[in-house]
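The structure appears right after this line, and notes come after that.
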Amino acid sequence: MGLVRSQSSDDITNSIYRVLDLIDFKIEKPVKKVAIKPNLCYYWDASTGYTTDPRVVSGIIDWVRDKCGEYTEIFVVEADASAMRTNLAFPILGYEKLAEEKNIKLYNLSDGPSTENKVSVNNREMTFKTPQLLQEADFFINVPKMKLMRISHITCGMKNIFGCISSPLKNVYHPFLNTAIVGINKVLEPHLTVVDGLIGLGRNPIKLDLIMASKDVFSIDWIASEIMGYNPSTLEFLRIAEKEGFGSHNGIKTVGNNPEEFKQIFPKVGNIPTEYLWSLEIGLLKLYSKIVNDIVPPFVEN
């Protein structure tokens, strides 16, 4: 997998080309339909570190058109969450403007046709409602963020695929979220993952200027978790993935910039237990919600 440092806002597209050259990524079959899945978990701008920067998606679109042809059909996709509606997130977060500029389509995965897929992980049977578009796409590109979160500790490549589930009420999977993350990745496996690490979100947002890429989403999360201050072997969803044969940390190699460069500056959670911090923050948010009659943001939804 590859890591590059983007030197400026004008360098984002070049950084995407560089990192895909570093991993020698090739498209091995004709491509007519492309689906690009950013992380648009709420209505917060990319500068907060919560959502995928449309400039990263723009660079990926340029690369796809360059490699697959000018008339390739490209969809930027997202599914609804309990406190987020995709049709509102697209214009608020700059994706409607991007679609007009790049002549691509925006697609709500919760509105289109879907199929039910059953999978067994860690001795648990699960059923996922999965969008037909992602199963039909010739090329599926996953574009997650690097963030800390409450239940799975980190969210990056594999958790962003969890956000593809058509049903908005994904909290039904939260009692066994780590198992569900592996399950949906068995059903919907992206051909390529490109991480928007321009802004990393740990204890606070920080400018990382990082773009990562790999064909293997498990490897992405293994290295991303190290950058975010975790021992990957202690993260439950990665342990389950290895046990299930979905991925292996043996033989993961990085090219380009050293992960240590980014690990040194990523804002770790500190010495106070993460669960306590999250409980405190969510309690304050619920109080805020009651006072102003607003919606509590979906920290663990997508």
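Ordered as shown in the structure tokens, chains take letters A, B, and onward, while each chain numbers its residues from 1 and ligands are numbered from 1 in the order shown.
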Nearby residues (only C-alpha atoms) at most 6 Å from region 57-74 of chain A, same-chain spacing under 2 positions excluded, as a list of chain:residue names:
A:Thr13, A:Lys32, A:Lys33, A:Val34, A:Pro54, A:Arg55, A:Ile104
Generate the output file for the selected residues, N, CA and C atoms, as a compact mmCIF listing (two decimals), in the first residue's frame.
```
# COMPACT_ATOMS: atom_id res chain seq x y z
N THR A 13 -4.80 16.27 -6.58
CA THR A 13 -4.96 15.37 -7.73
C THR A 13 -3.63 14.71 -8.09
N LYS A 32 -17.27 0.42 -17.50
CA LYS A 32 -18.35 1.28 -17.99
C LYS A 32 -19.03 2.05 -16.86
N LYS A 33 -19.10 1.42 -15.69
CA LYS A 33 -19.80 2.04 -14.56
C LYS A 33 -18.90 2.04 -13.33
N VAL A 34 -18.72 3.23 -12.73
CA VAL A 34 -17.85 3.40 -11.56
C VAL A 34 -18.67 3.96 -10.41
N PRO A 54 -14.43 16.84 -0.99
CA PRO A 54 -14.78 16.68 -2.41
C PRO A 54 -13.60 16.90 -3.35
N ARG A 55 -12.54 17.58 -2.90
CA ARG A 55 -11.36 17.75 -3.75
C ARG A 55 -10.64 16.43 -3.96
N ILE A 104 -20.85 14.18 -13.44
CA ILE A 104 -21.05 12.83 -12.87
C ILE A 104 -22.40 12.82 -12.16
```
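Those residues of region 16-125 of chain A that DSSP, working from the backbone, places in strand (DSSP E) are A:Lys33, A:Val34, A:Ala35, A:Ile36, A:Lys37, A:Pro38, A:Glu73, A:Ile74, A:Phe75, A:Val76, A:Val77, A:Glu78, A:Lys105, A:Leu106, A:Tyr107, A:Asn108, A:Ser114, A:Thr115, A:Glu116, A:Asn117, A:Lys118, A:Val119, A:Ser120, A:Val121, A:Arg124, A:Glu125.
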From the DSSP assignment of the backbone, select every residue of region 58-245 of chain A that is alpha helix (DSSP H), and format the answer as a PyMOL selection string.
chain A and resi 58-68+86-92+95-102+132-136+157-162+177-187+217-227+236-243
Please, could you write that set of residues out with C-alpha atoms as a tab-separated table (two decimals), in the first residue's frame?
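Everything below was put into again00.tsv:
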```
chain	number	residue	atom	x	y	z
A	58	SER	CA	-12.53	15.27	-7.75
A	59	GLY	CA	-8.96	14.03	-8.16
A	60	ILE	CA	-10.16	10.42	-8.26
A	61	ILE	CA	-12.74	11.31	-10.93
A	62	ASP	CA	-9.97	12.88	-13.06
A	63	TRP	CA	-7.84	9.75	-12.66
A	64	VAL	CA	-10.78	7.47	-13.59
A	65	ARG	CA	-11.59	9.49	-16.71
A	66	ASP	CA	-7.91	9.44	-17.67
A	67	LYS	CA	-7.63	5.67	-17.29
A	68	CYS	CA	-11.13	4.50	-18.27
A	86	THR	CA	-27.87	11.89	1.73
A	87	ASN	CA	-29.98	14.16	-0.47
A	88	LEU	CA	-29.26	17.01	1.96
A	89	ALA	CA	-25.60	16.11	2.54
A	90	PHE	CA	-24.71	16.23	-1.16
A	91	PRO	CA	-25.46	19.97	-1.63
A	92	ILE	CA	-24.34	21.02	1.86
A	95	TYR	CA	-20.92	17.34	-3.91
A	96	GLU	CA	-23.76	18.85	-5.92
A	97	LYS	CA	-21.32	21.48	-7.20
A	98	LEU	CA	-18.75	18.76	-7.90
A	99	ALA	CA	-21.31	16.76	-9.91
A	100	GLU	CA	-22.06	19.77	-12.10
A	101	GLU	CA	-18.37	20.53	-12.66
A	102	LYS	CA	-17.37	16.95	-13.46
A	132	GLN	CA	-27.69	-3.20	-6.41
A	133	LEU	CA	-25.62	-0.40	-7.95
A	134	LEU	CA	-22.51	-1.39	-5.96
A	135	GLN	CA	-22.89	-5.02	-7.01
A	136	GLU	CA	-23.25	-4.02	-10.67
A	157	GLY	CA	-11.72	1.73	5.04
A	158	MET	CA	-13.77	-1.18	6.37
A	159	LYS	CA	-16.11	0.99	8.47
A	160	ASN	CA	-16.86	3.17	5.42
A	161	ILE	CA	-18.17	0.06	3.65
A	162	PHE	CA	-20.52	-0.45	6.61
A	177	LEU	CA	-20.71	-3.81	15.26
A	178	ASN	CA	-17.19	-5.23	14.90
A	179	THR	CA	-18.59	-8.50	13.54
A	180	ALA	CA	-20.98	-6.61	11.25
A	181	ILE	CA	-18.12	-4.51	9.82
A	182	VAL	CA	-16.38	-7.69	8.70
A	183	GLY	CA	-19.64	-9.17	7.43
A	184	ILE	CA	-20.55	-6.29	5.11
A	185	ASN	CA	-16.97	-6.20	3.79
A	186	LYS	CA	-17.35	-9.85	2.81
A	187	VAL	CA	-20.43	-8.88	0.81
A	217	VAL	CA	-8.95	-2.55	2.51
A	218	PHE	CA	-7.72	-4.66	5.45
A	219	SER	CA	-4.14	-3.42	4.92
A	220	ILE	CA	-5.42	0.16	4.82
A	221	ASP	CA	-7.06	-0.22	8.22
A	222	TRP	CA	-4.04	-2.00	9.72
A	223	ILE	CA	-1.68	0.86	8.83
A	224	ALA	CA	-4.29	3.57	9.56
A	225	SER	CA	-4.82	2.19	13.07
A	226	GLU	CA	-1.07	2.34	13.71
A	227	ILE	CA	-1.00	5.97	12.57
A	236	GLU	CA	-11.65	-6.47	17.50
A	237	PHE	CA	-12.84	-6.02	13.91
A	238	LEU	CA	-9.30	-6.56	12.58
A	239	ARG	CA	-8.85	-9.66	14.76
A	240	ILE	CA	-12.17	-11.05	13.49
A	241	ALA	CA	-11.21	-10.23	9.88
A	242	GLU	CA	-7.94	-12.19	10.20
A	243	LYS	CA	-9.68	-15.10	11.90
```
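Remark: for Lys37 (chain A), the closest of the candidate residues A:Ala213, A:Val76, A:Val172, A:Val121 is A:Val76 (distances computed over only C-alpha atoms).
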Can you list, as an NGL selection string, every protein, DNA or RNA residue that comes within 9 Å of Met212 (chain A) when you count only C-alpha atoms, leaving out same-chain residues fewer than 2 positions away?
:A and (1-5 or 16 or 19-20 or 193-197 or 210 or 214 or 220 or 224)
Those same residues - N, CA and C atoms - I'd like them written as a PDB file, in the first residue's frame.
```
ATOM      1  N   MET A   1       0.839  -1.192   0.000  1.00  0.00           N
ATOM      2  CA  MET A   1       0.000   0.000   0.000  1.00  0.00           C
ATOM      3  C   MET A   1       0.876   1.244   0.000  1.00  0.00           C
ATOM      4  N   GLY A   2       0.321   2.366  -0.476  1.00  0.00           N
ATOM      5  CA  GLY A   2       1.112   3.567  -0.646  1.00  0.00           C
ATOM      6  C   GLY A   2       0.638   4.712   0.216  1.00  0.00           C
ATOM      7  N   LEU A   3       1.592   5.554   0.611  1.00  0.00           N
ATOM      8  CA  LEU A   3       1.297   6.768   1.364  1.00  0.00           C
ATOM      9  C   LEU A   3       2.059   7.915   0.734  1.00  0.00           C
ATOM     10  N   VAL A   4       1.376   9.029   0.504  1.00  0.00           N
ATOM     11  CA  VAL A   4       2.060  10.224   0.012  1.00  0.00           C
ATOM     12  C   VAL A   4       1.568  11.437   0.785  1.00  0.00           C
ATOM     13  N   ARG A   5       2.431  12.428   0.889  1.00  0.00           N
ATOM     14  CA  ARG A   5       2.061  13.687   1.516  1.00  0.00           C
ATOM     15  C   ARG A   5       1.674  14.671   0.413  1.00  0.00           C
ATOM     16  N   ILE A  16      -2.906  11.885  -5.759  1.00  0.00           N
ATOM     17  CA  ILE A  16      -3.665  10.673  -6.065  1.00  0.00           C
ATOM     18  C   ILE A  16      -2.997   9.904  -7.204  1.00  0.00           C
ATOM     19  N   VAL A  19       0.252   8.262  -5.698  1.00  0.00           N
ATOM     20  CA  VAL A  19       0.090   7.109  -4.817  1.00  0.00           C
ATOM     21  C   VAL A  19      -0.375   5.878  -5.597  1.00  0.00           C
ATOM     22  N   LEU A  20      -1.194   6.075  -6.630  1.00  0.00           N
ATOM     23  CA  LEU A  20      -1.648   4.933  -7.432  1.00  0.00           C
ATOM     24  C   LEU A  20      -0.527   4.413  -8.331  1.00  0.00           C
ATOM     25  N   THR A 193      -9.178   1.302  -2.435  1.00  0.00           N
ATOM     26  CA  THR A 193      -9.466   2.228  -1.343  1.00  0.00           C
ATOM     27  C   THR A 193      -8.451   3.360  -1.375  1.00  0.00           C
ATOM     28  N   VAL A 194      -8.965   4.593  -1.418  1.00  0.00           N
ATOM     29  CA  VAL A 194      -8.125   5.792  -1.374  1.00  0.00           C
ATOM     30  C   VAL A 194      -8.549   6.595  -0.159  1.00  0.00           C
ATOM     31  N   VAL A 195      -7.664   6.751   0.810  1.00  0.00           N
ATOM     32  CA  VAL A 195      -8.004   7.402   2.070  1.00  0.00           C
ATOM     33  C   VAL A 195      -7.758   8.904   1.999  1.00  0.00           C
ATOM     34  N   ASP A 196      -8.787   9.662   2.357  1.00  0.00           N
ATOM     35  CA  ASP A 196      -8.634  11.103   2.530  1.00  0.00           C
ATOM     36  C   ASP A 196      -8.104  11.356   3.941  1.00  0.00           C
ATOM     37  N   GLY A 197      -6.787  11.505   4.039  1.00  0.00           N
ATOM     38  CA  GLY A 197      -6.154  11.829   5.311  1.00  0.00           C
ATOM     39  C   GLY A 197      -5.645  13.260   5.334  1.00  0.00           C
ATOM     40  N   LEU A 210      -2.270  13.691   4.195  1.00  0.00           N
ATOM     41  CA  LEU A 210      -1.977  12.309   3.829  1.00  0.00           C
ATOM     42  C   LEU A 210      -3.006  11.768   2.842  1.00  0.00           C
ATOM     43  N   SER A 214      -4.678   1.501  -1.481  1.00  0.00           N
ATOM     44  CA  SER A 214      -4.371   0.073  -1.585  1.00  0.00           C
ATOM     45  C   SER A 214      -5.552  -0.652  -2.227  1.00  0.00           C
ATOM     46  N   ILE A 220      -5.188  -1.260   4.551  1.00  0.00           N
ATOM     47  CA  ILE A 220      -5.425   0.159   4.817  1.00  0.00           C
ATOM     48  C   ILE A 220      -5.723   0.377   6.296  1.00  0.00           C
ATOM     49  N   ALA A 224      -3.586   2.385   9.032  1.00  0.00           N
ATOM     50  CA  ALA A 224      -4.285   3.566   9.557  1.00  0.00           C
ATOM     51  C   ALA A 224      -4.408   3.499  11.073  1.00  0.00           C
TER      52      ALA A 224
END
```
Quick one: residues within 12 Å of Glu78 (chain A), only C-alpha atoms counted, chain neighbours fewer than 6 positions away excluded, as a ChimeraX atom specification?
/A:35-42,51-52,84-90,95,105-112,130-131,133-134,142-144,160-168,302
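Of note, CA of Lys147 (chain A) and CA of Gly49 (chain A) are spaced 7.5 Å apart.
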Write out as a PyMOL selection string each polymer residue whose atoms come within 12 Å of Leu201 (chain A), counting only C-alpha atoms; drop sequence neighbours fewer than 4 positions from it.
chain A and resi 46-52+145-149+153-156+196-197+205-208+224+227-228+265-269
Resulting file, chosen residues, C-alpha atoms, as a short mmCIF file (atom, residue, chain, number, x, y, z; two decimals), in the first residue's frame:
```
data_model
loop_
_atom_site.label_atom_id
_atom_site.label_comp_id
_atom_site.auth_asym_id
_atom_site.auth_seq_id
_atom_site.Cartn_x
_atom_site.Cartn_y
_atom_site.Cartn_z
CA ALA A 46 -14.45 18.34 5.34
CA SER A 47 -12.37 20.88 7.28
CA THR A 48 -13.69 19.31 10.51
CA GLY A 49 -12.18 15.92 9.63
CA TYR A 50 -15.57 14.19 9.73
CA THR A 51 -16.38 13.97 6.00
CA THR A 52 -14.51 13.17 2.80
CA LYS A 145 -11.68 9.27 6.36
CA MET A 146 -9.26 8.54 9.22
CA LYS A 147 -11.14 9.03 12.50
CA LEU A 148 -11.34 7.73 16.04
CA MET A 149 -14.73 6.43 17.16
CA HIS A 153 -11.97 2.64 18.14
CA ILE A 154 -11.10 3.67 14.57
CA THR A 155 -13.08 4.24 11.41
CA CYS A 156 -11.41 4.08 8.01
CA ASP A 196 -8.63 11.10 2.53
CA GLY A 197 -6.15 11.83 5.31
CA PRO A 205 -8.89 17.63 13.91
CA ILE A 206 -5.36 18.05 12.56
CA LYS A 207 -3.85 18.74 9.16
CA LEU A 208 -2.08 15.51 8.09
CA ALA A 224 -4.29 3.57 9.56
CA ILE A 227 -1.00 5.97 12.57
CA MET A 228 -3.94 6.72 14.89
CA ILE A 265 1.48 14.18 14.71
CA PHE A 266 -1.89 12.38 14.86
CA PRO A 267 -3.80 13.64 17.95
CA LYS A 268 -4.15 10.58 20.20
CA VAL A 269 -6.96 10.20 22.71
#
```
How many Å lie between CA of Ile211 (chain A) and CA of Leu22 (chain A), rounded to one decimal?
11.8 Å
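Between CA of Gln264 (chain A) and CA of Arg203 (chain A) the separation is 13.9 Å.
Distances here use only C-alpha atoms; by that measure, the residue among A:Leu169, A:Met126, A:Leu192, A:Leu93 closest to Phe139 (chain A) is A:Leu192.
Closest approach to Asp10 (chain A) from the set A:Asn171, A:Gly247, A:Thr234, A:Asp209 is made by A:Asp209, with distances taken over only C-alpha atoms.
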